[in-house]
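Worksheet for the structure shown next.
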Amino acid sequence: MADSVCGPTSAAAVPATTVRSRHSAVVRVTHWITTLSFLALLVTGVEILISHPRFYWGEAGNVLTPPLFKLPIPASRAKVPTGYGYVLPDQNGWSRYLHFQSAWVAVLTGFVYVGFGFFTGHFRQNLLPARADLTRNGLASVIAQHLRIRPARAEEAWSYNVLQRLTYLLVIFVLFPLVIWTGLAMSPAIASAIPAAVTVLGGQQSARTLHFFVSVFLVLFFLVHVVMVCLAGFRNRVRAMITGLPAARMERA
């Protein structure tokens, strides 16, 4: 609900209140670090991708190997056949360095967030759906509301609906671990030290292909997340993730 002012109020007349924070400091800090890391990974990942926009399945793959599929974009290396008559500038050096650095920042931040979530009960309280919300009618109601693009209710600034909870759990405990695993599996050092981590995926080229698809799902999640934040009230949602307090509603503890 929007704030209203009925008239001048002295500071002494305002009752002392304790405002419940929507997001804890740890959640807010890790959220923004992860966001910056993800954007860096996205930009550098695209630069790495265009150096060889062909994907294979198995252990090995090169320009002499028939690809599983290829992206219809020009490459930044002249030896990679793309069908285009020009080559893009090669940014593979700095992009790989920044990609690896950003990945480690994201991984360490993820460990802090997950440890905090389990230790404080954050996942159980804020992300684990109630059994009643997992019914067919409960899920159908939330999905229908999203499809109709209905404005979010004021109380939704203080909690996630069941669809949001399931999506966040999928991203945190499935997609992020999988993108980390497939990324590490492309490393020769990991392949030598833990060969099973690579062979279970089908080989290093299979890991690269899986890494690409998981990254696409994460990008889609990011885009949908931004759109939903805008529809739900960009100012309130961003304020909540910066200060912990949405502007739309202030509750007393």
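By order in the structure tokens, chains are A, B, ...; within a chain, residues start at 1; ligands start at 1, following the order shown.
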Write down as a PDB file with C-alpha atoms, in the first residue's frame the residues of region 38-244 of chain A whose backbone DSSP state falls under alpha helix (DSSP H).
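states_18.pdb, written as the output of this step:
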ATOM      1  CA  PHE A  38      27.132 -13.094 -13.508  1.00  0.00           C
ATOM      2  CA  LEU A  39      27.216 -10.076 -15.820  1.00  0.00           C
ATOM      3  CA  ALA A  40      30.998 -10.379 -16.104  1.00  0.00           C
ATOM      4  CA  LEU A  41      30.655 -14.097 -16.819  1.00  0.00           C
ATOM      5  CA  LEU A  42      28.002 -13.382 -19.443  1.00  0.00           C
ATOM      6  CA  VAL A  43      30.069 -10.804 -21.330  1.00  0.00           C
ATOM      7  CA  THR A  44      33.283 -12.810 -21.199  1.00  0.00           C
ATOM      8  CA  GLY A  45      31.452 -16.034 -21.965  1.00  0.00           C
ATOM      9  CA  VAL A  46      30.127 -14.539 -25.190  1.00  0.00           C
ATOM     10  CA  GLU A  47      33.638 -13.436 -26.135  1.00  0.00           C
ATOM     11  CA  ILE A  48      34.941 -16.961 -25.488  1.00  0.00           C
ATOM     12  CA  LEU A  49      32.031 -18.472 -27.392  1.00  0.00           C
ATOM     13  CA  ASN A  92      39.828 -14.477 -26.180  1.00  0.00           C
ATOM     14  CA  GLY A  93      42.821 -13.670 -23.954  1.00  0.00           C
ATOM     15  CA  TRP A  94      41.439 -11.120 -21.490  1.00  0.00           C
ATOM     16  CA  SER A  95      37.947 -12.654 -21.618  1.00  0.00           C
ATOM     17  CA  ARG A  96      39.183 -16.063 -20.453  1.00  0.00           C
ATOM     18  CA  TYR A  97      41.167 -14.491 -17.618  1.00  0.00           C
ATOM     19  CA  LEU A  98      38.229 -12.383 -16.410  1.00  0.00           C
ATOM     20  CA  HIS A  99      35.830 -15.293 -16.916  1.00  0.00           C
ATOM     21  CA  PHE A 100      37.813 -17.527 -14.548  1.00  0.00           C
ATOM     22  CA  GLN A 101      38.271 -14.742 -11.993  1.00  0.00           C
ATOM     23  CA  SER A 102      34.560 -13.907 -12.028  1.00  0.00           C
ATOM     24  CA  ALA A 103      33.667 -17.572 -11.735  1.00  0.00           C
ATOM     25  CA  TRP A 104      35.692 -17.967  -8.541  1.00  0.00           C
ATOM     26  CA  VAL A 105      34.126 -14.828  -7.072  1.00  0.00           C
ATOM     27  CA  ALA A 106      30.679 -16.256  -7.855  1.00  0.00           C
ATOM     28  CA  VAL A 107      31.580 -19.654  -6.366  1.00  0.00           C
ATOM     29  CA  LEU A 108      32.958 -18.208  -3.121  1.00  0.00           C
ATOM     30  CA  THR A 109      29.966 -15.885  -2.808  1.00  0.00           C
ATOM     31  CA  GLY A 110      27.683 -18.848  -3.400  1.00  0.00           C
ATOM     32  CA  PHE A 111      29.339 -20.798  -0.598  1.00  0.00           C
ATOM     33  CA  VAL A 112      28.784 -17.874   1.778  1.00  0.00           C
ATOM     34  CA  TYR A 113      25.138 -17.571   0.762  1.00  0.00           C
ATOM     35  CA  VAL A 114      24.391 -21.292   0.981  1.00  0.00           C
ATOM     36  CA  GLY A 115      26.172 -21.606   4.330  1.00  0.00           C
ATOM     37  CA  PHE A 116      24.224 -18.630   5.645  1.00  0.00           C
ATOM     38  CA  GLY A 117      20.981 -20.057   4.270  1.00  0.00           C
ATOM     39  CA  PHE A 118      21.373 -23.386   6.041  1.00  0.00           C
ATOM     40  CA  PHE A 119      22.799 -21.968   9.277  1.00  0.00           C
ATOM     41  CA  THR A 120      20.101 -19.321   9.773  1.00  0.00           C
ATOM     42  CA  HIS A 122      16.831 -18.744   5.423  1.00  0.00           C
ATOM     43  CA  ARG A 136      -2.571 -28.252  -8.231  1.00  0.00           C
ATOM     44  CA  ASN A 137      -4.944 -25.390  -7.418  1.00  0.00           C
ATOM     45  CA  GLY A 138      -2.271 -23.416  -5.584  1.00  0.00           C
ATOM     46  CA  LEU A 139       0.215 -23.697  -8.437  1.00  0.00           C
ATOM     47  CA  ALA A 140      -2.446 -23.019 -11.078  1.00  0.00           C
ATOM     48  CA  SER A 141      -3.553 -19.855  -9.293  1.00  0.00           C
ATOM     49  CA  VAL A 142      -0.017 -18.419  -9.140  1.00  0.00           C
ATOM     50  CA  ILE A 143       0.747 -19.363 -12.753  1.00  0.00           C
ATOM     51  CA  ALA A 144      -2.533 -17.793 -13.929  1.00  0.00           C
ATOM     52  CA  GLN A 145      -1.699 -14.584 -12.062  1.00  0.00           C
ATOM     53  CA  HIS A 146       1.696 -14.398 -13.767  1.00  0.00           C
ATOM     54  CA  LEU A 147       0.204 -15.097 -17.195  1.00  0.00           C
ATOM     55  CA  VAL A 162       5.339 -20.711  -4.578  1.00  0.00           C
ATOM     56  CA  LEU A 163       6.444 -20.269  -8.207  1.00  0.00           C
ATOM     57  CA  GLN A 164       9.207 -17.890  -7.190  1.00  0.00           C
ATOM     58  CA  ARG A 165      10.335 -20.215  -4.398  1.00  0.00           C
ATOM     59  CA  LEU A 166      10.546 -23.232  -6.713  1.00  0.00           C
ATOM     60  CA  THR A 167      12.396 -21.213  -9.354  1.00  0.00           C
ATOM     61  CA  TYR A 168      14.948 -19.857  -6.889  1.00  0.00           C
ATOM     62  CA  LEU A 169      15.546 -23.320  -5.440  1.00  0.00           C
ATOM     63  CA  LEU A 170      16.062 -24.691  -8.968  1.00  0.00           C
ATOM     64  CA  PHE A 176      24.336 -22.962 -10.482  1.00  0.00           C
ATOM     65  CA  PRO A 177      25.985 -26.198  -9.275  1.00  0.00           C
ATOM     66  CA  LEU A 178      25.622 -27.663 -12.766  1.00  0.00           C
ATOM     67  CA  VAL A 179      27.158 -24.641 -14.503  1.00  0.00           C
ATOM     68  CA  ILE A 180      30.065 -24.763 -12.039  1.00  0.00           C
ATOM     69  CA  TRP A 181      30.532 -28.506 -12.534  1.00  0.00           C
ATOM     70  CA  THR A 182      30.480 -28.324 -16.337  1.00  0.00           C
ATOM     71  CA  GLY A 183      32.806 -25.320 -16.250  1.00  0.00           C
ATOM     72  CA  LEU A 184      35.340 -27.133 -14.097  1.00  0.00           C
ATOM     73  CA  ALA A 185      35.036 -30.257 -16.262  1.00  0.00           C
ATOM     74  CA  PRO A 188      42.567 -30.032 -18.162  1.00  0.00           C
ATOM     75  CA  ALA A 189      43.671 -29.870 -14.507  1.00  0.00           C
ATOM     76  CA  ILE A 190      40.298 -31.147 -13.274  1.00  0.00           C
ATOM     77  CA  ALA A 191      40.189 -33.763 -16.022  1.00  0.00           C
ATOM     78  CA  SER A 192      43.544 -35.093 -14.822  1.00  0.00           C
ATOM     79  CA  ALA A 193      42.841 -34.871 -11.094  1.00  0.00           C
ATOM     80  CA  PRO A 195      38.570 -37.837 -14.422  1.00  0.00           C
ATOM     81  CA  ALA A 196      35.234 -39.229 -13.207  1.00  0.00           C
ATOM     82  CA  ALA A 197      33.870 -35.675 -12.950  1.00  0.00           C
ATOM     83  CA  VAL A 198      34.407 -35.376 -16.712  1.00  0.00           C
ATOM     84  CA  THR A 199      33.601 -38.867 -17.957  1.00  0.00           C
ATOM     85  CA  GLN A 204      35.151 -32.423 -22.085  1.00  0.00           C
ATOM     86  CA  GLN A 205      33.338 -31.404 -25.253  1.00  0.00           C
ATOM     87  CA  SER A 206      30.087 -32.737 -23.799  1.00  0.00           C
ATOM     88  CA  ALA A 207      30.764 -30.659 -20.696  1.00  0.00           C
ATOM     89  CA  ARG A 208      31.224 -27.569 -22.885  1.00  0.00           C
ATOM     90  CA  THR A 209      27.933 -28.225 -24.670  1.00  0.00           C
ATOM     91  CA  LEU A 210      26.069 -28.764 -21.385  1.00  0.00           C
ATOM     92  CA  HIS A 211      27.728 -25.644 -19.978  1.00  0.00           C
ATOM     93  CA  PHE A 212      26.329 -23.644 -22.885  1.00  0.00           C
ATOM     94  CA  PHE A 213      22.744 -24.876 -22.391  1.00  0.00           C
ATOM     95  CA  VAL A 214      22.792 -24.357 -18.618  1.00  0.00           C
ATOM     96  CA  SER A 215      24.153 -20.850 -19.192  1.00  0.00           C
ATOM     97  CA  VAL A 216      21.286 -20.152 -21.594  1.00  0.00           C
ATOM     98  CA  PHE A 217      18.776 -21.206 -18.921  1.00  0.00           C
ATOM     99  CA  LEU A 218      20.475 -18.917 -16.395  1.00  0.00           C
ATOM    100  CA  VAL A 219      20.341 -16.004 -18.841  1.00  0.00           C
ATOM    101  CA  LEU A 220      16.630 -16.662 -19.426  1.00  0.00           C
ATOM    102  CA  PHE A 221      16.075 -16.719 -15.662  1.00  0.00           C
ATOM    103  CA  PHE A 222      17.954 -13.425 -15.332  1.00  0.00           C
ATOM    104  CA  LEU A 223      15.873 -11.746 -18.053  1.00  0.00           C
ATOM    105  CA  VAL A 224      12.561 -13.014 -16.659  1.00  0.00           C
ATOM    106  CA  HIS A 225      13.660 -11.995 -13.161  1.00  0.00           C
ATOM    107  CA  VAL A 226      14.378  -8.432 -14.296  1.00  0.00           C
ATOM    108  CA  VAL A 227      11.061  -8.215 -16.170  1.00  0.00           C
ATOM    109  CA  MET A 228       9.118  -9.467 -13.145  1.00  0.00           C
ATOM    110  CA  VAL A 229      10.906  -7.005 -10.868  1.00  0.00           C
ATOM    111  CA  CYS A 230       9.872  -4.187 -13.204  1.00  0.00           C
ATOM    112  CA  LEU A 231       6.265  -5.376 -13.301  1.00  0.00           C
ATOM    113  CA  ALA A 232       6.088  -5.837  -9.533  1.00  0.00           C
ATOM    114  CA  GLY A 233       7.516  -2.381  -8.842  1.00  0.00           C
ATOM    115  CA  PHE A 234      11.125  -1.753  -9.770  1.00  0.00           C
ATOM    116  CA  ARG A 235      11.745   0.976  -7.189  1.00  0.00           C
ATOM    117  CA  ASN A 236      10.317  -1.011  -4.274  1.00  0.00           C
ATOM    118  CA  ARG A 237      12.044  -4.263  -5.176  1.00  0.00           C
ATOM    119  CA  VAL A 238      15.456  -2.696  -5.782  1.00  0.00           C
ATOM    120  CA  ARG A 239      15.131  -0.638  -2.598  1.00  0.00           C
ATOM    121  CA  ALA A 240      14.379  -3.832  -0.689  1.00  0.00           C
ATOM    122  CA  MET A 241      17.490  -5.498  -2.088  1.00  0.00           C
ATOM    123  CA  ILE A 242      19.679  -2.472  -1.262  1.00  0.00           C
ATOM    124  CA  THR A 243      18.361  -1.323   2.109  1.00  0.00           C
TER     125      THR A 243
END
(request) Please indicate the distance in Å from CA of Ser51 (chain A) to CA of Ser37 (chain A), rounded to one decimal place. (result) 21.3 Å
(request) Using only C-alpha atoms, pick whichever of A:Val174, A:Leu201, A:Leu127, A:Leu64 has the shortest atom-to-atom distance to Lys79 (chain A). (result)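 Looking only at the distances to Lys79 (chain A), the closest residue turns out to be A:Leu64.
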(message) For the strand (DSSP E or B) assignment from backbone DSSP, which residues of region 52-195 of chain A qualify? Please present them as a PyMOL selection string.
(response) chain A and resi 54-55+69-70
Any chance you can output those residues with N, CA and C atoms as a JSON list (two decimals), in the first residue's frame?
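As a result, selection-v3.json now contains:
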[["chain", "number", "residue", "atom", "x", "y", "z"],
["A", 54, "ARG", "N", 31.13, -23.57, -32.33],
["A", 54, "ARG", "CA", 30.74, -24.93, -32.73],
["A", 54, "ARG", "C", 30.75, -25.81, -31.49],
["A", 55, "PHE", "N", 29.79, -26.75, -31.42],
["A", 55, "PHE", "CA", 29.68, -27.60, -30.24],
["A", 55, "PHE", "C", 29.70, -29.07, -30.65],
["A", 69, "PHE", "N", 26.16, -29.24, -33.24],
["A", 69, "PHE", "CA", 25.45, -28.09, -33.82],
["A", 69, "PHE", "C", 26.41, -26.91, -33.79],
["A", 70, "LYS", "N", 26.08, -25.88, -34.52],
["A", 70, "LYS", "CA", 26.91, -24.67, -34.54],
["A", 70, "LYS", "C", 26.01, -23.45, -34.55]]
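For the pair CA of Gly61 (chain A) and CA of Met186 (chain A), the separation is 12.3 Å.
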(message) Please report the interatomic distance between CA of Val87 (chain A) and CA of Pro74 (chain A) in Å with one decimal.
(response)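 So the answer is 6.4 Å.
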